[in-house]
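Enquirer: Handing you a structure now.
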Amino acid sequence: MTLTVPPIPAVTIPVTGKNGLFPVRRIYCVGRNYAAHVREMGMDPSREAPFFFCKPTDAIVVAPVGAGAQIAYPLATEQFHFEIELVAAIGRPGRNVSVEHANSHIWGYGVGIDMTRRDLQIAARDRGRPWEPGKAFDQSAPVSLLHPASEVGHPAAGDIWLQVNGQDRQRSNLDKLIWSVPEIVANLSTLFELQPGDLIFTGTPEGVGPVHSGEVMLGGITGLTDIEVRVA
């Protein structure tokens with residue numbers, strides 16, 4: 001049967017050191033998963049159950065090694081914020097996954113930046129409305145190349161950092177996650193049946209802030225490929 005409009009191309013992320021591509025199915029994001037970031041957002045960092053929001057698959061912008069990526073300053077905001085995050089890529093389906101078996105469902109890892117229209121997010125939060133205008137806009141999910149877990153293991157500690165124009169803005173350690181990556185996977189799988197191609201942005205440390213046109217973000221996590229993104 002003839003399609004009524006042209007289909008959207010599949011979204012894929014290159015795998016480091018290989019010719020393979022990781023096909024993206026869904027993007028899940030974890031909110032408030034570093035205590036210091038929770039405090040800077042004016043919230044209580046007690047270890048309540050994690051909560052999740054989503055971004056559309058076509059929000060992905062791949063940052064090639066060396067060249068980096070470029071994103072546009074988005075519409076309708078005066079507070080365009082960065083949030084550096086460890087990204088887990090799911091490789092096996094599962095629901096009600098146990099914490100002990102969660103890592104076996106993770107194909108690999110990358111570095112992502114959860115770009116946020118903070119003024120729109122806070123306005124929605126304060127009114128009890130959905131976060132999509134603040135979180136799920138075009139080009140809001142830059143990512144680095146992905147690394148297979150078979151090569152880098154399952155990082156539970158290591159530096160996570162982001163600079164703007166060479167100046168430190170975020171710097172912490174993965175061991176400060178309130179909910180570990182296996183706990184995140186296990187909890188998420190009680191809400192959705194995870195499938196190969198799903199990405200999970202696992203939360204950001206303190207230091208989030210604005211970025212402006214002409215500025216360059218550079219971020220990284222120990223053992224993974226750095227990410228570089230310029231704002232047009």
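Residues in the structure tokens are numbered from 1 in each chain, the chains being A, B, ... in the order shown, and ligands are numbered from 1 in the order shown.
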What's the 12 Å shell around A:Trp161, counting only C-alpha atoms, without same-chain residues fewer than 3 positions away, as a PyMOL selection string?
Expert: chain A and resi 82-86+111-113+158+164+166-174+204-208+217-222+224+226-228
Enquirer: List the spatial neighbours of stretch 97-102 of chain A as number ranges by chain - criterion: any atom at most 9 Å away, only C-alpha atoms, same-chain residues fewer than 3 positions off excluded.
Expert: A: 94, 105-106, 181-190
Enquirer: Please, could you write that set of residues out with N, CA, C and O atoms as a PDB file, in the first residue's frame?
Expert:
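Produced file again_28.pdb, reproduced below:
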ATOM      1  N   GLY A  94      12.568  -6.550  28.252  1.00  0.00           N
ATOM      2  CA  GLY A  94      12.304  -7.009  29.615  1.00  0.00           C
ATOM      3  C   GLY A  94      11.276  -6.162  30.315  1.00  0.00           C
ATOM      4  O   GLY A  94      11.162  -4.958  30.064  1.00  0.00           O
ATOM      5  N   HIS A 105      20.493  -6.396  30.520  1.00  0.00           N
ATOM      6  CA  HIS A 105      19.616  -5.793  29.521  1.00  0.00           C
ATOM      7  C   HIS A 105      20.230  -4.555  28.877  1.00  0.00           C
ATOM      8  O   HIS A 105      19.658  -3.997  27.939  1.00  0.00           O
ATOM      9  N   ILE A 106      21.387  -4.115  29.386  1.00  0.00           N
ATOM     10  CA  ILE A 106      22.030  -2.904  28.871  1.00  0.00           C
ATOM     11  C   ILE A 106      23.054  -3.279  27.810  1.00  0.00           C
ATOM     12  O   ILE A 106      23.994  -4.038  28.074  1.00  0.00           O
ATOM     13  N   VAL A 181      22.176   2.874  38.061  1.00  0.00           N
ATOM     14  CA  VAL A 181      21.640   2.512  36.752  1.00  0.00           C
ATOM     15  C   VAL A 181      20.852   1.201  36.809  1.00  0.00           C
ATOM     16  O   VAL A 181      19.748   1.124  36.260  1.00  0.00           O
ATOM     17  N   PRO A 182      21.336   0.125  37.459  1.00  0.00           N
ATOM     18  CA  PRO A 182      20.507  -1.084  37.558  1.00  0.00           C
ATOM     19  C   PRO A 182      19.169  -0.833  38.247  1.00  0.00           C
ATOM     20  O   PRO A 182      18.145  -1.390  37.849  1.00  0.00           O
ATOM     21  N   GLU A 183      19.165   0.003  39.286  1.00  0.00           N
ATOM     22  CA  GLU A 183      17.900   0.323  39.957  1.00  0.00           C
ATOM     23  C   GLU A 183      16.958   1.094  39.039  1.00  0.00           C
ATOM     24  O   GLU A 183      15.739   0.880  39.046  1.00  0.00           O
ATOM     25  N   ILE A 184      17.525   1.998  38.229  1.00  0.00           N
ATOM     26  CA  ILE A 184      16.705   2.754  37.271  1.00  0.00           C
ATOM     27  C   ILE A 184      16.066   1.809  36.261  1.00  0.00           C
ATOM     28  O   ILE A 184      14.869   1.892  35.979  1.00  0.00           O
ATOM     29  N   VAL A 185      16.872   0.915  35.694  1.00  0.00           N
ATOM     30  CA  VAL A 185      16.362  -0.034  34.698  1.00  0.00           C
ATOM     31  C   VAL A 185      15.263  -0.892  35.304  1.00  0.00           C
ATOM     32  O   VAL A 185      14.193  -1.099  34.702  1.00  0.00           O
ATOM     33  N   ALA A 186      15.503  -1.400  36.515  1.00  0.00           N
ATOM     34  CA  ALA A 186      14.520  -2.259  37.167  1.00  0.00           C
ATOM     35  C   ALA A 186      13.215  -1.499  37.412  1.00  0.00           C
ATOM     36  O   ALA A 186      12.118  -2.014  37.132  1.00  0.00           O
ATOM     37  N   ASN A 187      13.314  -0.284  37.912  1.00  0.00           N
ATOM     38  CA  ASN A 187      12.118   0.495  38.200  1.00  0.00           C
ATOM     39  C   ASN A 187      11.359   0.855  36.922  1.00  0.00           C
ATOM     40  O   ASN A 187      10.130   0.717  36.855  1.00  0.00           O
ATOM     41  N   LEU A 188      12.080   1.299  35.906  1.00  0.00           N
ATOM     42  CA  LEU A 188      11.441   1.667  34.643  1.00  0.00           C
ATOM     43  C   LEU A 188      10.715   0.483  34.020  1.00  0.00           C
ATOM     44  O   LEU A 188       9.642   0.632  33.424  1.00  0.00           O
ATOM     45  N   SER A 189      11.283  -0.711  34.191  1.00  0.00           N
ATOM     46  CA  SER A 189      10.682  -1.900  33.583  1.00  0.00           C
ATOM     47  C   SER A 189       9.402  -2.339  34.268  1.00  0.00           C
ATOM     48  O   SER A 189       8.705  -3.230  33.770  1.00  0.00           O
ATOM     49  N   THR A 190       9.077  -1.733  35.415  1.00  0.00           N
ATOM     50  CA  THR A 190       7.774  -2.000  36.036  1.00  0.00           C
ATOM     51  C   THR A 190       6.690  -1.110  35.440  1.00  0.00           C
ATOM     52  O   THR A 190       5.493  -1.334  35.678  1.00  0.00           O
TER      53      THR A 190
END
Enquirer: DSSP on the backbone: what in stretch 10-166 of chain A comes out strand (DSSP E or B), as a ChimeraX atom specification?
Expert: /A:12-15,21-23,27-31,34,51-55,60-62,69-71,80-82,84-90,94,106-113,116-117,141-143,146-148,159-164
Enquirer: Limited to C-alpha atoms, could you put the picked residues into a file as a CSV table (one decimal), in the first residue's frame?
Expert:
chain,number,residue,atom,x,y,z
A,12,THR,CA,20.5,5.7,14.7
A,13,ILE,CA,23.7,6.4,16.8
A,14,PRO,CA,27.1,5.2,15.6
A,15,VAL,CA,29.0,2.7,17.8
A,21,LEU,CA,24.6,1.7,14.2
A,22,PHE,CA,22.4,1.6,17.2
A,23,PRO,CA,18.7,2.1,16.2
A,27,ILE,CA,14.1,8.0,25.0
A,28,TYR,CA,13.4,7.8,28.7
A,29,CYS,CA,14.8,10.4,31.1
A,30,VAL,CA,15.2,10.2,34.9
A,31,GLY,CA,14.4,13.3,36.9
A,34,TYR,CA,21.7,13.6,42.0
A,51,PHE,CA,10.2,9.4,38.1
A,52,PHE,CA,10.5,9.5,34.4
A,53,PHE,CA,9.7,11.7,31.4
A,54,CYS,CA,10.3,11.1,27.7
A,55,LYS,CA,11.8,12.9,24.7
A,60,ILE,CA,18.6,13.0,19.0
A,61,VAL,CA,21.6,14.9,17.6
A,62,VAL,CA,24.7,12.8,17.2
A,69,ALA,CA,27.5,18.8,16.6
A,70,GLN,CA,25.6,22.0,16.1
A,71,ILE,CA,22.1,22.7,17.5
A,80,PHE,CA,18.3,27.3,27.5
A,81,HIS,CA,20.0,25.0,29.9
A,82,PHE,CA,22.4,22.0,29.7
A,84,ILE,CA,25.1,16.3,31.2
A,85,GLU,CA,24.1,12.7,31.7
A,86,LEU,CA,25.2,9.1,31.4
A,87,VAL,CA,23.0,7.4,28.8
A,88,ALA,CA,22.3,3.7,29.0
A,89,ALA,CA,21.3,1.9,25.8
A,90,ILE,CA,19.0,-1.1,26.1
A,94,GLY,CA,12.3,-7.0,29.6
A,106,ILE,CA,22.0,-2.9,28.9
A,107,TRP,CA,23.8,-3.0,25.5
A,108,GLY,CA,26.1,-0.1,26.1
A,109,TYR,CA,26.6,3.5,27.2
A,110,GLY,CA,27.2,7.0,25.9
A,111,VAL,CA,27.3,10.6,27.0
A,112,GLY,CA,24.2,12.8,26.5
A,113,ILE,CA,23.1,16.4,27.2
A,116,THR,CA,16.0,22.0,28.6
A,117,ARG,CA,13.9,25.1,28.1
A,141,ALA,CA,19.0,15.2,23.1
A,142,PRO,CA,22.6,15.5,21.8
A,143,VAL,CA,24.5,12.2,22.3
A,146,LEU,CA,28.0,4.6,22.0
A,147,HIS,CA,30.3,2.1,23.7
A,148,PRO,CA,29.3,-1.6,24.0
A,159,ASP,CA,34.0,11.7,36.6
A,160,ILE,CA,31.0,13.3,34.8
A,161,TRP,CA,31.6,16.9,33.7
A,162,LEU,CA,30.6,19.7,31.3
A,163,GLN,CA,32.3,22.8,30.3
A,164,VAL,CA,31.0,25.9,28.4
Enquirer: Would you work out the distance separating atom CA of A:Arg118 from atom CA of A:Asp198, expressed in Å to one decimal?
Expert: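 Between atom CA of A:Arg118 and atom CA of A:Asp198 the gap works out to 24.8 Å.
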Enquirer: Write out, as JSON lines, each residue of stretch 77-107 of chain A that has an atom at most 9 Å from stretch 119-128 of chain A, together with the closest pair of atoms and their distance in Å to one decimal, counting only C-alpha atoms, rows going by chain and rising number.
Expert:
{"residue": "A:Thr77", "atom": "CA", "partner": "A:Asp119", "partner_atom": "CA", "distance": 6.6}
{"residue": "A:Glu78", "atom": "CA", "partner": "A:Asp119", "partner_atom": "CA", "distance": 7.1}
{"residue": "A:Gln79", "atom": "CA", "partner": "A:Asp119", "partner_atom": "CA", "distance": 5.8}
{"residue": "A:Phe80", "atom": "CA", "partner": "A:Asp119", "partner_atom": "CA", "distance": 8.2}
Enquirer: Now that the selection is made, can you save its residues with all heavy atoms as a tab-separated table (two decimals), in the first residue's frame?
Expert:
chain	number	residue	atom	x	y	z
A	77	THR	N	12.09	30.48	24.44
A	77	THR	CA	12.76	30.39	25.73
A	77	THR	C	13.83	31.46	25.87
A	77	THR	O	14.44	31.89	24.88
A	77	THR	CB	13.42	29.01	25.93
A	77	THR	OG1	13.95	28.92	27.26
A	77	THR	CG2	14.54	28.77	24.94
A	78	GLU	N	14.06	31.86	27.10
A	78	GLU	CA	15.19	32.73	27.44
A	78	GLU	C	16.11	32.04	28.44
A	78	GLU	O	17.03	32.67	28.97
A	78	GLU	CB	14.68	34.06	28.01
A	78	GLU	CG	13.88	34.89	27.00
A	78	GLU	CD	13.39	36.20	27.57
A	78	GLU	OE1	13.59	36.43	28.79
A	78	GLU	OE2	12.82	37.00	26.80
A	79	GLN	N	15.84	30.75	28.72
A	79	GLN	CA	16.65	29.97	29.66
A	79	GLN	C	16.91	28.61	29.06
A	79	GLN	O	16.27	27.62	29.41
A	79	GLN	CB	15.94	29.85	31.02
A	79	GLN	CG	15.71	31.16	31.73
A	79	GLN	CD	14.99	30.99	33.06
A	79	GLN	OE1	14.94	29.89	33.61
A	79	GLN	NE2	14.42	32.05	33.58
A	80	PHE	N	17.88	28.56	28.15
A	80	PHE	CA	18.25	27.33	27.46
A	80	PHE	C	19.36	26.67	28.26
A	80	PHE	O	20.49	27.14	28.27
A	80	PHE	CB	18.70	27.66	26.04
A	80	PHE	CG	18.92	26.48	25.15
A	80	PHE	CD1	18.15	25.34	25.23
A	80	PHE	CD2	19.92	26.53	24.17
A	80	PHE	CE1	18.35	24.27	24.38
A	80	PHE	CE2	20.12	25.46	23.32
A	80	PHE	CZ	19.34	24.33	23.42
Enquirer: Just checking: using only C-alpha atoms, which residue out of A:Pro74, A:Pro93, A:Gly134, A:Pro50 ends up closest to A:Ser180?
Expert: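 Of all the options, A:Pro50 lies closest to A:Ser180.
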Enquirer: Once DSSP has gone over the backbone, tell me which residues of stretch 43-232 of chain A are in alpha helix (DSSP H), as a PyMOL selection string.
Expert: chain A and resi 118-126+132-135+149-152+181-188
Enquirer: Write out as a list in words the residues lying within 8 Å of A:Ala136, counting only C-alpha atoms and excluding same-chain residues fewer than 2 positions away.
Expert: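 In the requested form, the answer reads Cys54, Lys55, Pro56, Ala59, Trp131, Glu132, Pro133, Gly134, Asp138 and Ser140 of chain A.
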Enquirer: Name the closest residue to A:Leu145 among the candidates A:Ala49, A:Val65, A:Ile8, A:Val229; distances are taken between atoms, counting only C-alpha atoms.
Expert: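 Comparing A:Ala49, A:Val65, A:Ile8, A:Val229 against A:Leu145, the winner is A:Val65.
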Enquirer: Tell me, as a JSON list (two decimals) with N, CA and C atoms, in the first residue's frame, which residues lie within 9 Å of A:Arg25, counting only C-alpha atoms; anything in the same chain fewer than 3 positions away does not count.
Expert:
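Produced file part18.json, reproduced below:
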[["chain", "number", "residue", "atom", "x", "y", "z"],
["A", 10, "ALA", "N", 14.81, 6.29, 10.02],
["A", 10, "ALA", "CA", 15.16, 5.73, 11.32],
["A", 10, "ALA", "C", 16.26, 6.55, 11.98],
["A", 11, "VAL", "N", 16.18, 6.73, 13.29],
["A", 11, "VAL", "CA", 17.20, 7.45, 14.05],
["A", 11, "VAL", "C", 18.21, 6.44, 14.57],
["A", 57, "THR", "N", 12.14, 10.48, 19.75],
["A", 57, "THR", "CA", 13.35, 9.91, 19.14],
["A", 57, "THR", "C", 14.07, 10.90, 18.25],
["A", 195, "GLN", "N", 12.59, -2.36, 25.46],
["A", 195, "GLN", "CA", 12.87, -3.03, 24.19],
["A", 195, "GLN", "C", 14.24, -2.61, 23.68],
["A", 196, "PRO", "N", 14.89, -3.45, 22.86],
["A", 196, "PRO", "CA", 16.14, -3.04, 22.24],
["A", 196, "PRO", "C", 15.95, -1.73, 21.48],
["A", 197, "GLY", "N", 16.88, -0.83, 21.67],
["A", 197, "GLY", "CA", 16.80, 0.48, 21.04],
["A", 197, "GLY", "C", 16.37, 1.58, 21.97],
["A", 198, "ASP", "N", 15.92, 1.22, 23.18],
["A", 198, "ASP", "CA", 15.56, 2.25, 24.16],
["A", 198, "ASP", "C", 16.82, 2.89, 24.74],
["A", 199, "LEU", "N", 16.76, 4.20, 24.97],
["A", 199, "LEU", "CA", 17.82, 4.94, 25.65],
["A", 199, "LEU", "C", 17.28, 5.45, 26.98]]
